[in-house]
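This is protein24.txt. It holds compact mmCIF, C-alpha atoms.
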```txt
# COMPACT_ATOMS: atom_id res chain seq x y z
CA MET A 1 -15.26 -29.37 -19.18
CA ASP A 2 -13.71 -28.48 -15.86
CA ARG A 3 -14.76 -24.97 -14.87
CA GLY A 4 -13.02 -25.17 -11.51
CA PHE A 5 -9.87 -23.49 -10.24
CA ASP A 6 -6.34 -24.83 -10.41
CA LEU A 7 -5.35 -23.69 -6.95
CA GLU A 8 -2.30 -25.93 -6.82
CA ALA A 9 -0.88 -24.10 -9.84
CA ARG A 10 -1.59 -20.76 -8.22
CA LEU A 11 0.21 -21.84 -5.06
CA GLN A 12 3.12 -23.17 -7.11
CA SER A 13 3.37 -19.82 -8.89
CA ARG A 14 3.57 -18.06 -5.54
CA GLU A 15 6.20 -20.54 -4.41
CA GLU A 16 8.35 -19.89 -7.50
CA ARG A 17 8.11 -16.11 -7.03
CA GLY A 18 9.01 -16.36 -3.36
CA LEU A 19 5.59 -15.09 -2.31
CA ARG A 20 4.15 -18.12 -0.56
CA ARG A 21 3.81 -17.74 3.19
CA ASP A 22 2.95 -20.18 5.92
CA LEU A 23 1.12 -19.81 9.20
CA ALA A 24 3.45 -19.74 12.21
CA PRO A 25 1.48 -20.97 15.24
CA VAL A 26 2.53 -19.59 18.62
CA ASP A 27 1.04 -19.97 22.08
CA ARG A 28 0.73 -16.22 22.68
CA VAL A 29 1.76 -12.90 21.15
CA GLU A 30 3.89 -10.59 23.26
CA PRO A 31 6.67 -10.23 24.14
CA ARG A 32 7.71 -13.90 24.32
CA ALA A 33 6.10 -16.80 22.50
CA ARG A 34 6.58 -20.51 22.19
CA ARG A 35 6.59 -21.64 18.59
CA VAL A 36 4.60 -24.76 17.78
CA PRO A 37 7.16 -26.90 15.89
CA ASP A 38 4.71 -28.42 13.40
CA PRO A 39 1.41 -26.96 12.15
CA GLY A 40 -1.36 -28.59 14.13
CA ALA A 41 0.97 -29.96 16.80
CA ASP A 42 -0.47 -29.98 20.30
CA VAL A 43 2.15 -28.09 22.32
CA PRO A 44 0.97 -26.79 25.71
CA ALA A 45 1.51 -23.13 26.49
CA PHE A 46 5.10 -22.54 27.65
CA ASP A 47 5.97 -26.19 27.29
CA ALA A 48 9.61 -26.62 28.27
CA ASP A 49 10.42 -28.43 25.04
CA ALA A 50 8.90 -25.79 22.75
CA GLU A 51 11.09 -23.19 21.08
CA GLU A 52 10.93 -19.78 22.74
CA MET A 53 10.95 -16.72 20.53
CA LEU A 54 11.26 -13.04 21.28
CA VAL A 55 8.47 -11.46 19.26
CA PHE A 56 9.23 -8.19 17.48
CA ALA A 57 6.59 -8.77 14.83
CA ALA A 58 3.22 -7.91 16.34
CA ASN A 59 1.26 -4.66 16.41
CA ASP A 60 0.61 -4.99 20.14
CA TYR A 61 2.54 -1.76 20.65
CA LEU A 62 1.60 -1.13 24.28
CA GLY A 63 1.99 -4.78 25.24
CA LEU A 64 -1.64 -5.12 26.28
CA ALA A 65 -2.76 -8.20 24.36
CA GLY A 66 -1.81 -10.41 27.29
CA ASN A 67 -2.47 -7.85 30.02
CA ALA A 68 -4.31 -9.14 33.10
CA ARG A 69 -6.44 -5.99 33.43
CA LEU A 70 -7.78 -6.48 29.90
CA ALA A 71 -8.45 -10.16 30.53
CA GLU A 72 -10.35 -9.30 33.70
CA ALA A 73 -12.33 -6.57 31.94
CA ALA A 74 -13.22 -8.99 29.14
CA ALA A 75 -14.32 -11.61 31.69
CA ARG A 76 -16.45 -9.12 33.62
CA THR A 77 -18.12 -8.02 30.41
CA ALA A 78 -18.73 -11.61 29.32
CA HIS A 79 -20.40 -12.43 32.63
CA LYS A 80 -22.49 -9.25 32.49
CA VAL A 81 -23.44 -9.10 28.81
CA GLY A 82 -22.43 -12.38 27.19
CA THR A 83 -19.70 -13.62 24.88
CA GLY A 84 -21.39 -12.56 21.65
CA ALA A 85 -23.61 -9.73 20.48
CA GLY A 86 -26.03 -12.26 19.01
CA ALA A 87 -26.97 -10.24 15.95
CA SER A 88 -26.42 -7.02 14.09
CA ARG A 89 -26.52 -4.10 16.47
CA LEU A 90 -29.43 -2.67 14.50
CA VAL A 91 -31.44 -5.80 15.31
CA VAL A 92 -30.73 -6.74 18.91
CA GLY A 93 -26.95 -6.63 19.43
CA ASP A 94 -26.48 -3.06 20.72
CA THR A 95 -25.27 -3.76 24.26
CA SER A 96 -24.11 -1.57 27.10
CA ALA A 97 -20.56 -2.75 26.37
CA HIS A 98 -20.72 -1.25 22.89
CA ARG A 99 -22.16 2.05 24.08
CA ASP A 100 -19.68 2.37 26.94
CA LEU A 101 -16.80 1.74 24.55
CA GLU A 102 -18.08 4.32 22.08
CA HIS A 103 -18.41 6.92 24.83
CA ALA A 104 -14.77 6.26 25.78
CA LEU A 105 -13.72 6.62 22.13
CA VAL A 106 -15.55 9.94 21.87
CA LYS A 107 -13.61 11.19 24.87
CA SER A 108 -10.33 9.99 23.39
CA LYS A 109 -10.92 11.37 19.88
CA GLU A 110 -12.79 14.53 20.96
CA THR A 111 -15.60 13.99 18.46
CA GLU A 112 -19.36 14.02 18.81
CA ARG A 113 -19.85 10.31 18.35
CA ALA A 114 -18.12 7.02 17.52
CA LEU A 115 -19.19 3.69 16.05
CA ALA A 116 -17.52 0.34 16.78
CA PHE A 117 -17.07 -2.18 13.96
CA SER A 118 -16.03 -5.84 14.08
CA SER A 119 -12.60 -4.98 12.65
CA GLY A 120 -10.58 -2.09 11.31
CA TYR A 121 -10.85 -3.65 7.86
CA ALA A 122 -14.65 -3.63 8.10
CA ALA A 123 -14.58 -0.02 9.30
CA ASN A 124 -12.56 1.14 6.28
CA VAL A 125 -14.46 -0.82 3.65
CA GLY A 126 -17.85 0.01 5.16
CA THR A 127 -17.15 3.72 5.58
CA ILE A 128 -15.66 4.38 2.16
CA THR A 129 -18.35 2.44 0.31
CA ALA A 130 -21.10 4.12 2.33
CA LEU A 131 -19.77 7.60 1.58
CA ALA A 132 -19.46 6.59 -2.10
CA PRO A 133 -17.69 9.76 -3.27
CA ASP A 134 -17.30 10.59 -6.94
CA VAL A 135 -13.54 10.88 -6.59
CA ILE A 136 -11.12 9.48 -4.01
CA PHE A 137 -7.57 10.77 -3.62
CA SER A 138 -5.56 7.98 -1.99
CA ASP A 139 -1.95 7.78 -0.80
CA GLU A 140 -0.11 5.17 -2.85
CA LEU A 141 0.93 3.25 0.29
CA ASN A 142 -2.46 3.16 1.99
CA HIS A 143 -3.48 -0.06 3.73
CA ALA A 144 -5.21 -2.81 1.75
CA SER A 145 -8.49 -2.16 3.56
CA ILE A 146 -8.47 1.42 2.28
CA ILE A 147 -7.59 0.28 -1.23
CA ASP A 148 -10.38 -2.31 -1.22
CA GLY A 149 -12.86 0.26 0.08
CA CYS A 150 -11.86 2.63 -2.70
CA ARG A 151 -12.31 -0.03 -5.36
CA LEU A 152 -15.65 -1.21 -4.02
CA SER A 153 -17.00 2.34 -3.74
CA GLY A 154 -17.14 2.74 -7.50
CA ALA A 155 -15.38 6.09 -7.28
CA ASP A 156 -12.75 7.40 -9.65
CA ILE A 157 -9.49 6.81 -7.81
CA GLU A 158 -6.59 9.25 -8.01
CA VAL A 159 -3.45 7.86 -6.37
CA TYR A 160 -0.94 10.46 -5.19
CA ASP A 161 2.72 9.98 -4.29
CA HIS A 162 3.36 8.70 -0.80
CA CYS A 163 3.15 11.40 1.88
CA ASP A 164 3.50 14.03 -0.84
CA ALA A 165 1.03 16.87 -0.22
CA SER A 166 2.43 18.77 -3.21
CA ASP A 167 1.54 15.91 -5.53
CA LEU A 168 -1.88 15.65 -3.90
CA ARG A 169 -2.44 19.35 -4.49
CA ALA A 170 -1.33 19.12 -8.13
CA THR A 171 -3.54 16.07 -8.68
CA MET A 172 -6.54 17.88 -7.18
CA ASP A 173 -5.87 20.99 -9.27
CA ARG A 174 -5.73 18.87 -12.42
CA ARG A 175 -8.91 17.06 -11.51
CA ALA A 176 -10.67 20.36 -10.85
CA ARG A 177 -9.75 21.59 -14.34
CA GLU A 178 -11.06 18.36 -15.88
CA ALA A 179 -14.21 18.06 -13.78
CA ASP A 180 -17.53 18.13 -15.59
CA GLY A 181 -19.95 19.51 -13.02
CA GLU A 182 -19.88 19.13 -9.27
CA GLU A 183 -18.24 16.10 -7.72
CA SER A 184 -17.92 14.85 -4.16
CA TRP A 185 -14.25 14.39 -3.23
CA LEU A 186 -12.62 12.38 -0.45
CA VAL A 187 -8.95 12.37 0.51
CA VAL A 188 -8.00 9.24 2.47
CA THR A 189 -4.71 8.40 4.14
CA ASP A 190 -3.19 6.43 6.94
CA SER A 191 -1.71 8.61 9.67
CA VAL A 192 1.13 6.19 10.54
CA PHE A 193 2.15 3.86 7.71
CA SER A 194 2.64 0.30 8.90
CA MET A 195 5.47 -0.77 6.58
CA ASP A 196 7.42 2.50 6.38
CA GLY A 197 6.98 3.84 9.90
CA ASP A 198 6.40 7.39 8.72
CA ILE A 199 3.64 9.92 9.37
CA ALA A 200 1.39 11.56 6.79
CA PRO A 201 1.71 15.36 6.50
CA LEU A 202 -1.84 15.86 7.73
CA ARG A 203 -1.76 19.66 8.03
CA MET A 204 -0.70 20.06 4.41
CA ILE A 205 -3.17 17.40 3.29
CA CYS A 206 -5.97 19.30 5.02
CA SER A 207 -4.89 22.54 3.34
CA ALA A 208 -4.87 20.90 -0.09
CA ALA A 209 -8.30 19.39 0.52
CA GLU A 210 -9.80 22.62 1.83
CA ARG A 211 -8.84 24.46 -1.37
CA HIS A 212 -11.33 22.25 -3.20
CA GLY A 213 -13.92 21.58 -0.51
CA ALA A 214 -12.91 17.93 -0.18
CA TRP A 215 -13.45 15.79 2.88
CA VAL A 216 -10.47 14.19 4.64
CA MET A 217 -10.53 10.72 6.13
CA VAL A 218 -7.62 9.47 8.28
CA ASP A 219 -6.98 5.89 9.36
CA GLU A 220 -5.29 5.97 12.78
CA ALA A 221 -4.86 2.20 13.05
CA HIS A 222 -1.17 2.36 13.99
CA ALA A 223 -1.51 5.56 16.04
CA THR A 224 -4.51 4.75 18.24
CA GLY A 225 -3.31 4.29 21.81
CA VAL A 226 0.26 5.19 20.90
CA TYR A 227 -0.44 8.91 20.69
CA ASP A 228 -3.03 10.62 22.89
CA GLY A 229 -5.93 11.24 20.51
CA GLY A 230 -3.92 9.74 17.66
CA VAL A 231 -1.85 11.84 15.28
CA VAL A 232 -4.97 13.90 14.57
CA GLY A 233 -5.25 14.73 18.25
CA GLN A 234 -1.56 15.46 18.62
CA LEU A 235 -1.75 17.97 15.79
CA GLY A 236 -5.05 19.48 16.96
CA LEU A 237 -6.76 18.71 13.65
CA GLU A 238 -10.04 17.35 14.99
CA ASP A 239 -12.01 20.18 13.38
CA ARG A 240 -10.35 19.71 9.98
CA ILE A 241 -10.58 15.92 9.66
CA HIS A 242 -14.09 14.78 8.73
CA VAL A 243 -13.66 11.05 9.34
CA GLN A 244 -11.33 9.38 11.83
CA LEU A 245 -10.84 5.63 11.88
CA GLY A 246 -8.93 3.44 14.25
CA THR A 247 -8.48 -0.09 15.46
CA LEU A 248 -8.95 -1.74 18.82
CA SER A 249 -6.74 -4.69 17.91
CA LYS A 250 -3.25 -3.19 17.73
CA ALA A 251 -1.94 -0.97 20.53
CA LEU A 252 -5.16 -1.47 22.50
CA GLY A 253 -4.66 -5.23 22.55
CA ALA A 254 -8.30 -6.17 21.95
CA GLN A 255 -10.27 -6.66 18.72
CA GLY A 256 -12.35 -4.49 16.40
CA GLY A 257 -12.31 -1.10 14.72
CA PHE A 258 -14.14 2.20 14.98
CA VAL A 259 -15.07 5.39 13.19
CA ALA A 260 -15.30 8.74 14.97
CA GLY A 261 -16.83 11.97 13.71
CA ASN A 262 -19.84 14.19 14.02
CA GLU A 263 -23.35 13.02 14.88
CA VAL A 264 -24.66 13.03 11.31
CA LEU A 265 -21.71 11.02 9.96
CA ILE A 266 -22.02 8.28 12.56
CA GLU A 267 -25.81 8.07 12.31
CA TYR A 268 -25.46 7.72 8.55
CA LEU A 269 -22.81 5.00 8.80
CA ALA A 270 -24.92 3.07 11.30
CA ASN A 271 -27.60 2.92 8.62
CA ALA A 272 -25.54 2.70 5.42
CA ALA A 273 -22.20 0.96 6.10
CA ARG A 274 -22.91 -2.60 4.95
CA SER A 275 -20.05 -4.08 7.01
CA PHE A 276 -21.82 -2.68 10.10
CA VAL A 277 -25.47 -3.16 9.16
CA PHE A 278 -25.12 -6.76 7.96
CA SER A 279 -22.59 -8.02 10.48
CA THR A 280 -23.00 -9.32 14.00
CA GLY A 281 -21.89 -6.69 16.49
CA LEU A 282 -18.42 -6.63 17.98
CA SER A 283 -17.94 -9.24 20.70
CA PRO A 284 -18.87 -7.59 24.03
CA PRO A 285 -15.79 -8.95 25.85
CA ALA A 286 -13.60 -7.37 23.17
CA ALA A 287 -15.43 -4.08 23.71
CA GLY A 288 -14.88 -4.34 27.46
CA ALA A 289 -11.19 -5.09 27.00
CA ALA A 290 -10.75 -2.18 24.59
CA GLN A 291 -12.36 0.23 27.01
CA GLU A 292 -9.93 -0.87 29.73
CA ALA A 293 -7.04 -0.49 27.28
CA LEU A 294 -8.03 3.11 26.55
CA ARG A 295 -7.92 3.76 30.27
CA ILE A 296 -4.46 2.19 30.61
CA ALA A 297 -3.09 4.12 27.63
CA ARG A 298 -4.31 7.36 29.14
CA GLU A 299 -3.29 6.75 32.76
CA THR A 300 0.08 4.97 32.48
CA ASP A 301 3.47 5.67 30.93
CA ARG A 302 3.24 2.79 28.44
CA PRO A 303 3.11 5.09 25.37
CA GLN A 304 6.31 6.84 26.51
CA THR A 305 7.97 3.52 27.31
CA LEU A 306 7.16 2.34 23.78
CA GLN A 307 8.76 5.44 22.30
CA ASP A 308 11.84 5.03 24.50
CA HIS A 309 12.21 1.42 23.34
CA ALA A 310 11.84 2.42 19.69
CA ASP A 311 14.47 5.15 20.07
CA TYR A 312 16.85 2.71 21.77
CA LEU A 313 16.51 0.11 19.02
CA ARG A 314 16.76 2.67 16.22
CA SER A 315 20.03 3.97 17.66
CA GLY A 316 21.32 0.43 18.13
CA PHE A 317 20.50 -0.61 14.57
CA GLU A 318 22.19 2.47 13.16
CA ASP A 319 25.28 1.79 15.27
CA LEU A 320 25.39 -1.68 13.69
CA GLY A 321 25.26 -0.14 10.22
CA PHE A 322 21.65 -0.93 9.37
CA GLU A 323 19.43 1.68 7.70
CA VAL A 324 16.16 2.24 9.52
CA LEU A 325 13.27 3.97 7.75
CA GLY A 326 10.53 6.13 9.21
CA GLU A 327 10.19 8.19 12.36
CA THR A 328 7.84 6.28 14.64
CA HIS A 329 7.62 3.21 16.88
CA ILE A 330 7.64 1.03 13.73
CA LEU A 331 11.23 0.29 12.66
CA PRO A 332 11.62 -0.93 9.05
CA VAL A 333 15.22 -2.20 8.77
CA LEU A 334 15.98 -1.82 5.06
CA VAL A 335 17.72 -4.75 3.37
CA GLY A 336 16.87 -4.25 -0.31
CA ASP A 337 17.09 -7.65 -1.97
CA ARG A 338 14.20 -10.03 -1.29
CA GLU A 339 16.39 -13.11 -0.85
CA ASP A 340 18.71 -11.27 1.55
CA ALA A 341 15.72 -10.16 3.63
CA VAL A 342 14.38 -13.72 3.83
CA ALA A 343 17.85 -15.03 4.77
CA LEU A 344 18.19 -12.45 7.54
CA ASP A 345 14.69 -13.32 8.79
CA GLU A 346 15.60 -17.01 8.98
CA ALA A 347 18.95 -16.31 10.68
CA LEU A 348 17.15 -14.25 13.31
CA ARG A 349 14.61 -17.02 13.92
CA ASP A 350 17.52 -19.40 14.49
CA ARG A 351 18.60 -17.02 17.25
CA GLY A 352 15.16 -16.81 18.82
CA VAL A 353 14.04 -13.45 17.40
CA LEU A 354 10.91 -13.07 15.28
CA ALA A 355 11.09 -9.97 13.04
CA PRO A 356 9.58 -10.94 9.68
CA ALA A 357 10.86 -10.12 6.23
CA ILE A 358 8.54 -7.84 4.28
CA ARG A 359 8.98 -8.28 0.56
CA PRO A 360 7.22 -7.58 -2.77
CA PRO A 361 4.39 -7.16 -3.49
CA THR A 362 3.84 -5.69 -0.01
CA VAL A 363 6.75 -3.30 -0.63
CA PRO A 364 8.39 -2.20 -3.91
CA VAL A 365 11.03 -4.33 -5.62
CA GLY A 366 14.44 -3.56 -4.15
CA MET A 367 12.93 -2.28 -0.90
CA SER A 368 12.59 -5.52 1.07
CA ARG A 369 12.99 -5.02 4.78
CA LEU A 370 12.56 -6.51 8.21
CA ARG A 371 9.77 -4.85 10.15
CA VAL A 372 10.76 -4.52 13.79
CA ALA A 373 7.99 -3.56 16.19
CA PRO A 374 9.00 -3.18 19.85
CA THR A 375 6.39 -2.94 22.54
CA ALA A 376 6.12 -1.28 25.92
CA ALA A 377 6.21 -4.77 27.48
CA HIS A 378 9.69 -5.62 26.22
CA THR A 379 12.53 -5.32 28.70
CA ARG A 380 15.86 -3.62 28.05
CA GLU A 381 17.52 -7.04 28.21
CA GLN A 382 15.19 -8.26 25.45
CA LEU A 383 15.96 -5.21 23.31
CA ASP A 384 19.67 -5.96 23.69
CA ARG A 385 19.07 -9.60 22.73
CA CYS A 386 17.33 -8.34 19.58
CA LEU A 387 20.29 -6.13 18.68
CA ASP A 388 22.79 -8.92 19.39
CA ALA A 389 20.78 -11.27 17.16
CA PHE A 390 20.73 -8.71 14.34
CA GLU A 391 24.49 -8.25 14.64
CA ALA A 392 25.22 -11.97 14.45
CA ALA A 393 22.58 -12.72 11.80
CA GLY A 394 23.77 -9.81 9.65
CA GLU A 395 27.32 -11.17 9.70
CA GLU A 396 26.11 -14.67 8.89
CA VAL A 397 24.23 -13.63 5.75
CA GLY A 398 26.81 -11.07 4.66
CA LEU A 399 24.88 -7.88 5.36
CA ARG A 400 27.44 -6.38 7.74
```

Could you take the file, read its structure, and then write that structure out as structure tokens?
Amino acid sequence: MDRGFDLEARLQSREERGLRRDLAPVDRVEPRARRVPDPGADVPAFDADAEEMLVFAANDYLGLAGNARLAEAAARTAHKVGTGAGASRLVVGDTSAHRDLEHALVKSKETERALAFSSGYAANVGTITALAPDVIFSDELNHASIIDGCRLSGADIEVYDHCDASDLRATMDRRAREADGEESWLVVTDSVFSMDGDIAPLRMICSAAERHGAWVMVDEAHATGVYDGGVVGQLGLEDRIHVQLGTLSKALGAQGGFVAGNEVLIEYLANAARSFVFSTGLSPPAAGAAQEALRIARETDRPQTLQDHADYLRSGFEDLGFEVLGETHILPVLVGDREDAVALDEALRDRGVLAPAIRPPTVPVGMSRLRVAPTAAHTREQLDRCLDAFEAAGEEVGLR
């Protein structure tokens, strides 16, 4: 009897449902990349024969992933501390690079303390499972790392309608009526949603949570570095949000994640979050690069440049007749049909623009879209090339 797994059949099923995806090797991320024609092909960086693409697909919002200052900071840290932490930070891997980064995060988030994780995914899963609440109230469009943390925590999960504080409040009121004894409650939400480009109504969420004594946890992955102090900081909600998460690998152009909060929270997570306790510490060069990125985000006009670029593209798309969702630097260009979205994606690639189709199950059926993510490093000429490509590609596939 074969008790193995028929992985070929699983892949074939994904293929038939239009869900199979392939890796797309490039030589670098932003804002231009050379595509490697065949997986595994040895194409030197910026080889003249390789296909150049304008990348509007990454989360490198401030254009720092290839920034020389970050590379130099990473190199300095590597020479000073080493390339790896060597072990869990509770064993021997707690370096000066980690502590310096966490001090910078505390200053940015205006909290008592911060804790760096190896990734934003690890930060979410580790934090939620360590808190292990009785009940979690989760936005229906929360990131997969939040969803996985909720499931692994063993909590009862109440999913509320996306960005709907009224539904959250009604769900909490119902749960309070049904509760048998005291329960620990946690409300968890992204601040900026990566596929819809909208912002959670954090003030109203806090008010709903405070009516029932619930904690609020906010994932600032797509806001860190883009907004000073994140959305939480912009709204002045530091005293009402119990747990703040973020990532070092999107706008900050490095790698890793973090949690910020009061002293007791962080000390507890350092002892109880399994993805921190049982994982080798964040690479010191990544910590050094992230610290430099925080400095750049604070001292330069890159965040404003990003917003200007997003506004310019949004206006351009709307002038072309495309519907753009959200309100942030993430521009979901709604297409609707999955096949149409894939066709538009491919037509754009033919014109040297990478803006990937997002389709079910990542988004609901009938809501397929192309996710356009400009960066502060793009030029106005590159933004215009993106709009020209959308105009021509849209006509080719019959969407204009």

Quick one: which region 42-152 of chain A residues come within 9 Å of region 348-360 of chain A, and what is the nearest atom pair for each with the distance in Å to one decimal, counting all atoms listed in the file, rows ordered by chain and ascending number, as a tab-separated table?
```
residue	atom	partner	partner_atom	distance
A:Glu51	CA	A:Gly352	CA	7.9
A:Glu52	CA	A:Gly352	CA	6.5
A:Met53	CA	A:Gly352	CA	4.5
A:Leu54	CA	A:Val353	CA	4.8
A:Val55	CA	A:Leu354	CA	4.9
A:Phe56	CA	A:Ala355	CA	5.1
A:Ala57	CA	A:Ala355	CA	5.0
A:Ala58	CA	A:Ala355	CA	8.8
```

Residues from last step as file, C-alpha atoms, as a PDB file, in the coordinates of the input:
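New file selection.pdb:
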```
ATOM      1  CA  GLU A  51      11.090 -23.190  21.080  1.00  0.00           C
ATOM      2  CA  GLU A  52      10.930 -19.780  22.740  1.00  0.00           C
ATOM      3  CA  MET A  53      10.950 -16.720  20.530  1.00  0.00           C
ATOM      4  CA  LEU A  54      11.260 -13.040  21.280  1.00  0.00           C
ATOM      5  CA  VAL A  55       8.470 -11.460  19.260  1.00  0.00           C
ATOM      6  CA  PHE A  56       9.230  -8.190  17.480  1.00  0.00           C
ATOM      7  CA  ALA A  57       6.590  -8.770  14.830  1.00  0.00           C
ATOM      8  CA  ALA A  58       3.220  -7.910  16.340  1.00  0.00           C
TER       9      ALA A  58
END
```

(request) To one decimal in Å, tell me the separation between CA of Gly321 (chain A) and CA of Pro364 (chain A). (result) 22.1 Å

(request) Would you mind telling me which residue in A:Glu391, A:Glu8, A:Glu220, A:Asp196 lies nearest to Ile146 (chain A) when using all atoms listed in the file? (result)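 Once distances to Ile146 (chain A) are computed over all atoms listed in the file, the minimum belongs to A:Glu220.
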
(request) Calculate how many Å separate CA of Ser118 (chain A) from CA of Ala293 (chain A), rounding to one decimal. (result) 16.8 Å

List the neighbours of Ser191 (chain A) out to 9 Å using all atoms listed in the file; skip same-chain residues closer than 2 positions along the sequence, and give me the result as a PDB file with C-alpha atoms, keeping the file's coordinate frame.
```pdb
ATOM      1  CA  THR A 189      -4.710   8.400   4.140  1.00  0.00           C
ATOM      2  CA  PHE A 193       2.150   3.860   7.710  1.00  0.00           C
ATOM      3  CA  ASP A 198       6.400   7.390   8.720  1.00  0.00           C
ATOM      4  CA  ILE A 199       3.640   9.920   9.370  1.00  0.00           C
ATOM      5  CA  ALA A 200       1.390  11.560   6.790  1.00  0.00           C
ATOM      6  CA  PRO A 201       1.710  15.360   6.500  1.00  0.00           C
ATOM      7  CA  LEU A 202      -1.840  15.860   7.730  1.00  0.00           C
ATOM      8  CA  VAL A 218      -7.620   9.470   8.280  1.00  0.00           C
ATOM      9  CA  ASP A 219      -6.980   5.890   9.360  1.00  0.00           C
ATOM     10  CA  GLU A 220      -5.290   5.970  12.780  1.00  0.00           C
ATOM     11  CA  ALA A 221      -4.860   2.200  13.050  1.00  0.00           C
ATOM     12  CA  HIS A 222      -1.170   2.360  13.990  1.00  0.00           C
ATOM     13  CA  ALA A 223      -1.510   5.560  16.040  1.00  0.00           C
ATOM     14  CA  GLY A 230      -3.920   9.740  17.660  1.00  0.00           C
ATOM     15  CA  VAL A 231      -1.850  11.840  15.280  1.00  0.00           C
ATOM     16  CA  VAL A 232      -4.970  13.900  14.570  1.00  0.00           C
TER      17      VAL A 232
END
```

(message) Around the point (-12.0, 12.1, 3.0) (coordinates from the file), which residues reach within 10 Å if we count only C-alpha atoms? Answer as a VMD selection string.
(response) chain A and resid 128 131 133 135 to 138 184 to 189 206 209 214 to 218 241 to 244

(request) Around the point (7.4, 13.6, -0.6) in the file's coordinates, collect all residues with an atom within 12 Å, using all atoms listed in the file, and return them as number ranges by chain. (result) A: 139-140, 160-168, 198-201, 204-205

(request) Find the distance between CA of Gly246 (chain A) and CA of Gly326 (chain A) and write it in Å to one decimal. (result) 20.3 Å

(request) Choose the residue, out of A:Gly213, A:Gly366, A:Pro374, A:Gly336, that has the smallest atom-to-atom separation from Arg314 (chain A); count only C-alpha atoms. (result)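 Result for the nearest residue to Arg314 (chain A): A:Pro374.
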
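The smallest atom-to-atom distance between Leu370 (chain A) and any of A:Leu383, A:Met195, A:Ala273, A:Thr280, using only C-alpha atoms, is found for A:Met195.
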
For region 309-312 of chain A, please output as a compact mmCIF listing (two decimals) with C-alpha atoms, in the frame of the given file all residues within 7 Å (counting only C-alpha atoms; exclusion window: fewer than 3 positions along the same chain).
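This went into result.txt:
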```txt
# COMPACT_ATOMS: atom_id res chain seq x y z
CA THR A 305 7.97 3.52 27.31
CA LEU A 306 7.16 2.34 23.78
CA SER A 315 20.03 3.97 17.66
CA GLY A 316 21.32 0.43 18.13
CA HIS A 329 7.62 3.21 16.88
CA PRO A 374 9.00 -3.18 19.85
```

(message) With distances taken over only C-alpha atoms, which residue among A:Ala130, A:Leu265, A:Leu313, A:Ala155 lies nearest Glu183 (chain A)?
(response)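 Of all the options, A:Ala155 lies closest to Glu183 (chain A).
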
Please report, as lines of an AutoDock Vina configuration file, the centre and edge lengths in Å to one decimal of an axis-aligned box covering all listed atoms of region 196-204 of chain A with 3 Å per side.
```
center_x = 2.8
center_y = 11.3
center_z = 7.2
size_x = 15.3
size_y = 23.6
size_z = 11.5
```

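Using all atoms listed in the file, the nearest neighbour of Phe322 (chain A) within the list A:Glu339, A:Arg369, A:Ala254, A:Leu245 is A:Arg369.
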
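When the distance limit is 12 Å and all atoms listed in the file are what count, the residues near Arg177 (chain A), minus those fewer than 6 positions from it on the same chain, are A:Ala170, A:Thr171, A:His212.
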
Writing out the chosen residues with C-alpha atoms as a PDB file, keeping the file's coordinate frame:
```pdb
ATOM      1  CA  ALA A 170      -1.330  19.120  -8.130  1.00  0.00           C
ATOM      2  CA  THR A 171      -3.540  16.070  -8.680  1.00  0.00           C
ATOM      3  CA  HIS A 212     -11.330  22.250  -3.200  1.00  0.00           C
TER       4      HIS A 212
END
```

(message) Ranking A:Glu346, A:Asp134, A:Glu267, A:Asp319 by minimum distance to Leu387 (chain A) and counting all atoms listed in the file, which one comes first?
(response)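 Looking only at the distances to Leu387 (chain A), the closest residue turns out to be A:Asp319.
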